[in-house]
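Participant: You'll find coords-v5.cif just under this line, and it carries mmCIF, C-alpha atoms and all ligand atoms.
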```cif
data_input
#
loop_
_atom_site.group_PDB
_atom_site.id
_atom_site.type_symbol
_atom_site.label_atom_id
_atom_site.label_comp_id
_atom_site.auth_asym_id
_atom_site.auth_seq_id
_atom_site.Cartn_x
_atom_site.Cartn_y
_atom_site.Cartn_z
ATOM 1 C CA MET A 811 0.000 0.000 0.000
ATOM 2 C CA ARG A 812 1.535 3.276 -1.141
ATOM 3 C CA CYS A 813 1.651 6.433 0.951
ATOM 4 C CA PRO A 814 -1.141 8.789 -0.277
ATOM 5 C CA PHE A 815 1.231 11.778 0.077
ATOM 6 C CA CYS A 816 4.542 10.655 -1.474
ATOM 7 C CA GLN A 817 3.642 7.254 -3.049
ATOM 8 C CA HIS A 818 6.365 5.465 -1.081
ATOM 9 C CA PRO A 819 5.461 1.730 -0.859
ATOM 10 C CA ASP A 820 6.631 1.016 2.696
ATOM 11 C CA ASN A 821 4.969 1.997 5.933
ATOM 12 C CA ARG A 822 4.620 0.738 9.442
ATOM 13 C CA VAL A 823 1.450 0.016 11.384
ATOM 14 C CA LEU A 824 1.109 2.143 14.503
ATOM 15 C CA GLU A 825 -2.203 0.795 15.678
ATOM 16 C CA SER A 826 -4.814 -1.830 14.686
ATOM 17 C CA ARG A 827 -8.317 -2.087 15.960
ATOM 18 C CA SER A 828 -11.632 -3.437 14.820
ATOM 19 C CA ALA A 829 -14.186 -1.000 13.511
ATOM 20 C CA GLU A 830 -17.805 -1.019 12.326
ATOM 21 C CA ALA A 831 -18.916 -3.668 14.818
ATOM 22 C CA SER A 832 -15.891 -5.895 14.052
ATOM 23 C CA GLN A 833 -16.759 -6.021 10.358
ATOM 24 C CA SER A 834 -13.494 -4.324 9.444
ATOM 25 C CA VAL A 835 -10.050 -3.547 10.836
ATOM 26 C CA ARG A 836 -8.842 0.037 11.057
ATOM 27 C CA ARG A 837 -5.075 0.520 10.816
ATOM 28 C CA ARG A 838 -3.158 3.679 11.556
ATOM 29 C CA ARG A 839 -0.011 3.735 9.417
ATOM 30 C CA GLU A 840 3.088 5.867 9.137
ATOM 31 C CA CYS A 841 5.009 6.313 5.898
ATOM 32 C CA LEU A 842 8.653 5.225 6.247
ATOM 33 C CA LYS A 843 9.840 7.944 3.855
ATOM 34 C CA CYS A 844 7.894 11.126 4.588
ATOM 35 C CA GLY A 845 6.698 10.168 8.062
ATOM 36 C CA ARG A 846 3.129 11.270 7.427
ATOM 37 C CA ARG A 847 0.281 9.213 8.879
ATOM 38 C CA PHE A 848 -2.797 7.778 7.208
ATOM 39 C CA THR A 849 -5.551 5.296 7.992
ATOM 40 C CA THR A 850 -6.580 2.154 6.132
ATOM 41 C CA TYR A 851 -9.616 -0.070 6.530
ATOM 42 C CA GLU A 852 -9.442 -3.766 5.814
ATOM 43 C CA ARG A 853 -12.663 -5.680 5.365
ATOM 44 C CA ILE A 854 -13.631 -9.252 4.611
ATOM 45 C CA GLU A 855 -14.900 -9.689 1.100
ATOM 46 C CA TYR A 856 -18.075 -11.716 1.062
ATOM 47 C CA VAL A 857 -18.592 -13.422 -2.246
ATOM 48 C CA PRO A 858 -22.199 -14.429 -2.904
ATOM 49 C CA ILE A 859 -22.807 -18.169 -2.725
ATOM 50 C CA ALA A 860 -25.354 -19.815 -4.995
ATOM 51 C CA ILE A 861 -27.398 -22.739 -3.768
ATOM 52 C CA ILE A 862 -28.354 -25.377 -6.320
ATOM 53 C CA LYS A 863 -31.815 -26.631 -5.423
ATOM 54 C CA ARG A 864 -33.064 -30.158 -6.051
ATOM 55 C CA ASP A 865 -34.948 -29.068 -9.161
ATOM 56 C CA GLY A 866 -31.731 -27.530 -10.549
ATOM 57 C CA ASP A 867 -32.756 -23.908 -9.966
ATOM 58 C CA ARG A 868 -30.286 -21.614 -8.273
ATOM 59 C CA GLU A 869 -30.910 -19.145 -5.490
ATOM 60 C CA SER A 870 -28.505 -17.087 -3.418
ATOM 61 C CA PHE A 871 -27.521 -18.415 -0.006
ATOM 62 C CA ASP A 872 -29.879 -16.980 2.591
ATOM 63 C CA ARG A 873 -28.560 -17.377 6.128
ATOM 64 C CA SER A 874 -31.815 -16.280 7.788
ATOM 65 C CA LYS A 875 -33.706 -18.952 5.858
ATOM 66 C CA LEU A 876 -31.180 -21.578 6.994
ATOM 67 C CA LEU A 877 -31.417 -20.335 10.576
ATOM 68 C CA ARG A 878 -35.234 -20.554 10.497
ATOM 69 C CA GLY A 879 -35.044 -24.191 9.399
ATOM 70 C CA ILE A 880 -32.603 -25.023 12.188
ATOM 71 C CA VAL A 881 -34.627 -23.138 14.811
ATOM 72 C CA ARG A 882 -37.724 -25.093 13.778
ATOM 73 C CA ALA A 883 -35.871 -28.404 14.123
ATOM 74 C CA CYS A 884 -34.531 -27.389 17.537
ATOM 75 C CA GLU A 885 -37.839 -26.277 19.072
ATOM 76 C CA LYS A 886 -38.189 -27.412 22.700
ATOM 77 C CA THR A 887 -34.760 -29.053 22.734
ATOM 78 C CA GLY A 888 -33.363 -26.432 25.094
ATOM 79 C CA ILE A 889 -30.579 -25.385 22.697
ATOM 80 C CA GLY A 890 -29.980 -21.653 23.022
ATOM 81 C CA SER A 891 -30.448 -19.317 20.065
ATOM 82 C CA ASP A 892 -26.810 -18.172 20.466
ATOM 83 C CA ARG A 893 -25.669 -21.725 19.766
ATOM 84 C CA LEU A 894 -27.862 -21.911 16.655
ATOM 85 C CA GLU A 895 -26.588 -18.572 15.378
ATOM 86 C CA ALA A 896 -23.036 -19.832 15.909
ATOM 87 C CA LEU A 897 -23.873 -22.977 13.957
ATOM 88 C CA VAL A 898 -25.045 -20.928 10.982
ATOM 89 C CA ASP A 899 -21.909 -18.756 11.277
ATOM 90 C CA GLU A 900 -19.734 -21.878 11.100
ATOM 91 C CA ILE A 901 -21.501 -23.159 8.016
ATOM 92 C CA GLU A 902 -21.396 -19.796 6.279
ATOM 93 C CA ALA A 903 -17.673 -19.467 7.063
ATOM 94 C CA GLU A 904 -17.044 -22.946 5.699
ATOM 95 C CA LEU A 905 -18.883 -22.108 2.467
ATOM 96 C CA GLN A 906 -16.988 -18.820 2.136
ATOM 97 C CA GLN A 907 -13.655 -20.657 2.292
ATOM 98 C CA ARG A 908 -14.475 -22.873 -0.660
ATOM 99 C CA ALA A 909 -13.166 -22.180 -4.117
ATOM 100 C CA VAL A 910 -16.485 -23.236 -5.645
ATOM 101 C CA ARG A 911 -19.251 -20.640 -5.369
ATOM 102 C CA GLU A 912 -22.129 -23.029 -6.038
ATOM 103 C CA VAL A 913 -23.232 -25.559 -3.458
ATOM 104 C CA PRO A 914 -26.034 -28.121 -3.738
ATOM 105 C CA SER A 915 -28.750 -27.600 -1.098
ATOM 106 C CA THR A 916 -28.381 -31.247 -0.042
ATOM 107 C CA GLU A 917 -24.742 -30.611 0.877
ATOM 108 C CA ILE A 918 -25.730 -27.724 3.143
ATOM 109 C CA GLY A 919 -28.297 -30.013 4.754
ATOM 110 C CA GLU A 920 -25.525 -32.512 5.495
ATOM 111 C CA LEU A 921 -23.305 -29.773 6.976
ATOM 112 C CA VAL A 922 -26.145 -28.924 9.365
ATOM 113 C CA LEU A 923 -26.728 -32.577 10.248
ATOM 114 C CA GLN A 924 -23.018 -33.148 10.994
ATOM 115 C CA ARG A 925 -23.319 -30.508 13.697
ATOM 116 C CA LEU A 926 -26.814 -31.305 14.970
ATOM 117 C CA GLN A 927 -25.922 -34.916 15.715
ATOM 118 C CA PHE A 928 -23.810 -33.768 18.648
ATOM 119 C CA LEU A 929 -26.331 -31.162 19.835
ATOM 120 C CA SER A 930 -29.646 -32.985 19.845
ATOM 121 C CA GLU A 931 -30.822 -36.316 18.470
ATOM 122 C CA VAL A 932 -34.386 -34.990 18.250
ATOM 123 C CA ALA A 933 -33.304 -31.938 16.241
ATOM 124 C CA TYR A 934 -31.159 -34.168 14.013
ATOM 125 C CA ILE A 935 -34.085 -36.414 13.104
ATOM 126 C CA ARG A 936 -36.451 -33.488 12.574
ATOM 127 C CA PHE A 937 -34.001 -31.684 10.329
ATOM 128 C CA ALA A 938 -33.137 -34.829 8.395
ATOM 129 C CA SER A 939 -36.822 -35.584 7.814
ATOM 130 C CA VAL A 940 -37.268 -32.235 6.082
ATOM 131 C CA TYR A 941 -33.940 -32.052 4.248
ATOM 132 C CA ARG A 942 -33.860 -35.618 3.057
ATOM 133 C CA GLN A 943 -37.593 -35.591 2.302
ATOM 134 C CA PHE A 944 -38.542 -38.637 4.337
ATOM 135 C CA ARG A 945 -41.410 -40.558 2.825
ATOM 136 C CA GLY A 946 -42.035 -43.223 5.422
ATOM 137 C CA ILE A 947 -41.011 -44.908 8.642
ATOM 138 C CA ARG A 948 -38.176 -46.748 6.834
ATOM 139 C CA ASP A 949 -36.379 -43.408 6.276
ATOM 140 C CA PHE A 950 -36.616 -42.616 9.992
ATOM 141 C CA ILE A 951 -35.247 -46.037 10.950
ATOM 142 C CA ASP A 952 -32.342 -45.778 8.500
ATOM 143 C CA THR A 953 -31.472 -42.327 9.816
ATOM 144 C CA LEU A 954 -31.691 -43.472 13.442
ATOM 145 C CA ASN A 955 -29.362 -46.382 12.657
ATOM 146 C CA HIS A 956 -26.932 -44.046 10.930
ATOM 147 C CA LEU A 957 -27.034 -41.617 13.864
ATOM 148 C CA GLN A 958 -26.430 -44.456 16.303
ATOM 149 C CA GLY A 959 -23.430 -45.549 14.252
ATOM 150 C CA CYS A 960 -21.980 -42.023 14.208
ATOM 151 C CA LEU A 961 -22.372 -41.595 17.943
ATOM 152 C CA ASN A 962 -20.721 -44.960 18.592
ATOM 153 C CA GLN A 963 -17.767 -44.025 16.394
ATOM 154 C CA GLY A 964 -17.261 -40.625 18.026
ATOM 155 C CA GLU A 965 -16.869 -40.015 21.726
ATOM 156 C CA GLY A 966 -20.606 -40.641 21.958
ATOM 157 C CA THR A 967 -22.972 -40.315 24.856
ATOM 158 C CA SER A 968 -22.932 -42.709 27.793
ATOM 159 C CA GLU A 969 -26.137 -44.176 26.406
ATOM 160 C CA ALA A 970 -24.498 -44.935 23.052
ATOM 161 C CA ALA A 971 -21.402 -46.325 24.787
ATOM 162 C CA GLU A 972 -23.558 -48.723 26.821
ATOM 163 C CA SER A 973 -25.394 -50.032 23.788
ATOM 164 C CA SER A 974 -22.123 -50.711 21.936
ATOM 165 C CA ILE A 975 -20.906 -52.701 24.949
ATOM 166 C CA ASP A 976 -24.101 -54.768 24.684
ATOM 167 C CA VAL A 977 -23.279 -55.562 21.061
ATOM 168 C CA VAL A 978 -19.777 -56.730 21.982
ATOM 169 C CA ALA A 979 -21.054 -58.825 24.900
ATOM 170 C CA GLY A 980 -23.712 -60.416 22.695
ATOM 171 C CA ALA A 981 -21.192 -61.283 20.017
ATOM 172 C CA GLU A 982 -18.727 -62.777 22.498
ATOM 173 C CA ALA A 983 -21.419 -65.060 23.868
ATOM 174 C CA GLY A 984 -21.743 -66.579 20.378
ATOM 175 C CA SER A 985 -18.508 -66.512 18.444
ATOM 176 C CA GLU A 986 -15.686 -63.954 18.626
ATOM 177 C CA GLN A 987 -15.221 -64.298 14.879
ATOM 178 C CA GLU A 988 -18.551 -62.579 14.287
ATOM 179 C CA THR A 989 -17.753 -59.395 16.180
ATOM 180 C CA PRO A 990 -16.568 -57.322 13.180
ATOM 181 C CA ALA A 991 -19.576 -58.429 11.141
ATOM 182 C CA ALA A 992 -21.919 -57.380 13.933
ATOM 183 C CA PHE A 993 -20.424 -53.874 13.834
ATOM 184 C CA MET A 994 -20.510 -53.727 10.055
ATOM 185 C CA THR A 995 -24.276 -54.121 9.954
ATOM 186 C CA HIS A 996 -24.671 -51.211 12.360
ATOM 187 C CA SER A 997 -22.645 -48.659 10.414
HETATM 188 ZN ZN ZN B 1001 5.016 9.292 2.413
#
```
Using the file provided, produce a representation of the structure as structure tokens.
Ligand SMILES: [Zn+2]
Facilitator:
Amino acid sequence: MRCPFCQHPDNRVLESRSAEASQSVRRRRECLKCGRRFTTYERIEYVPIAIIKRDGDRESFDRSKLLRGIVRACEKTGIGSDRLEALVDEIEAELQQRAVREVPSTEIGELVLQRLQFLSEVAYIRFASVYRQFRGIRDFIDTLNHLQGCLNQGEGTSEAAESSIDVVAGAEAGSEQETPAAFMTHS
């Protein structure tokens, strides 16, 4: 960045602080040649993200629409609105970091589900039922099985940990050889 007075390219930063409600950074600089001071503002460039809908139409990413869907799924689960806002922030930040500016709506649904599975099982199922367009009880059962598998793989809840112990105990009572197969059918 050149000095606005003498065009010299080098300067030093005297002070940095956030401005405009942390949307930008204000820097006070001093030219290394003429010694005059000037101010610069640095701001994050938000590039619009297009969502590819199931029918192939495109619409721009709408964070309030996404938040509404998540809030609906999380009703009466006791998860605070701050946490849900943070979840949308995380997803938006992740999308902003991508080189590709078009994202299928199903992929955004999966990003939400990845996070909901650790927040609330009820919210996870509700959100999945809308996003994956459940048609019958079979879809719920498949999703529950998948969720159970994910929780067992991760740190999991104590409930999930107990049920995986049951599986191991049951398999050992029969034949130890069958233990891996028993897990395979659950994941
Ligand atoms: Zn200068």
Participant: Give one line per residue of chain A that approaches ligand ZN 1001 (chain B) to at most 10 Å, naming the two atoms of the closest pair and their distance in Å to one decimal, counting only C-alpha atoms and all ligand atoms; sort by chain then ascending residue number and deliver it as CSV.
Facilitator:
```
residue,atom,partner,partner_atom,distance
A:Arg812,CA,B:ZN1001,ZN,7.8
A:Cys813,CA,B:ZN1001,ZN,4.7
A:Pro814,CA,B:ZN1001,ZN,6.7
A:Phe815,CA,B:ZN1001,ZN,5.1
A:Cys816,CA,B:ZN1001,ZN,4.1
A:Gln817,CA,B:ZN1001,ZN,6.0
A:His818,CA,B:ZN1001,ZN,5.4
A:Pro819,CA,B:ZN1001,ZN,8.3
A:Asp820,CA,B:ZN1001,ZN,8.4
A:Asn821,CA,B:ZN1001,ZN,8.1
A:Glu840,CA,B:ZN1001,ZN,7.8
A:Cys841,CA,B:ZN1001,ZN,4.6
A:Leu842,CA,B:ZN1001,ZN,6.7
A:Lys843,CA,B:ZN1001,ZN,5.2
A:Cys844,CA,B:ZN1001,ZN,4.0
A:Gly845,CA,B:ZN1001,ZN,6.0
A:Arg846,CA,B:ZN1001,ZN,5.7
A:Arg847,CA,B:ZN1001,ZN,8.0
A:Phe848,CA,B:ZN1001,ZN,9.3
```
Participant: Hey, which of A:Ile854, A:Ile935, A:Ile859, A:Ala896 ends up closest to A:Arg882? Count only C-alpha atoms.
Facilitator: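 With only C-alpha atoms as the atom set, the closest residue is A:Ile935.
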Participant: Neighbours of A:Tyr856 within 12 Å (all atoms listed in the file; same-chain residues fewer than 4 positions away dropped), as an MDAnalysis selection string?
Facilitator: chainID A and resid 833 871 902:903 905:908 911
Participant: Could the residues in this selection be saved with C-alpha atoms as a compact mmCIF listing (two decimals), in the frame of the given file?
Facilitator:
```
# COMPACT_ATOMS: atom_id res chain seq x y z
CA GLN A 833 -16.76 -6.02 10.36
CA PHE A 871 -27.52 -18.42 -0.01
CA GLU A 902 -21.40 -19.80 6.28
CA ALA A 903 -17.67 -19.47 7.06
CA LEU A 905 -18.88 -22.11 2.47
CA GLN A 906 -16.99 -18.82 2.14
CA GLN A 907 -13.66 -20.66 2.29
CA ARG A 908 -14.48 -22.87 -0.66
CA ARG A 911 -19.25 -20.64 -5.37
```
Participant: Have a look at atom CA of A:Pro858 and atom CA of A:Leu894 and let me know their distance in Å, one decimal.
Facilitator: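 Rounded to one decimal, the two atoms are 21.7 Å apart.
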Participant: Tell me which of A:Thr916, A:Ser828, A:Ser874, A:Gln943 sits closest to A:Glu852, counting only C-alpha atoms.
Facilitator: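 Using only C-alpha atoms, A:Glu852 sits closest to A:Ser828.
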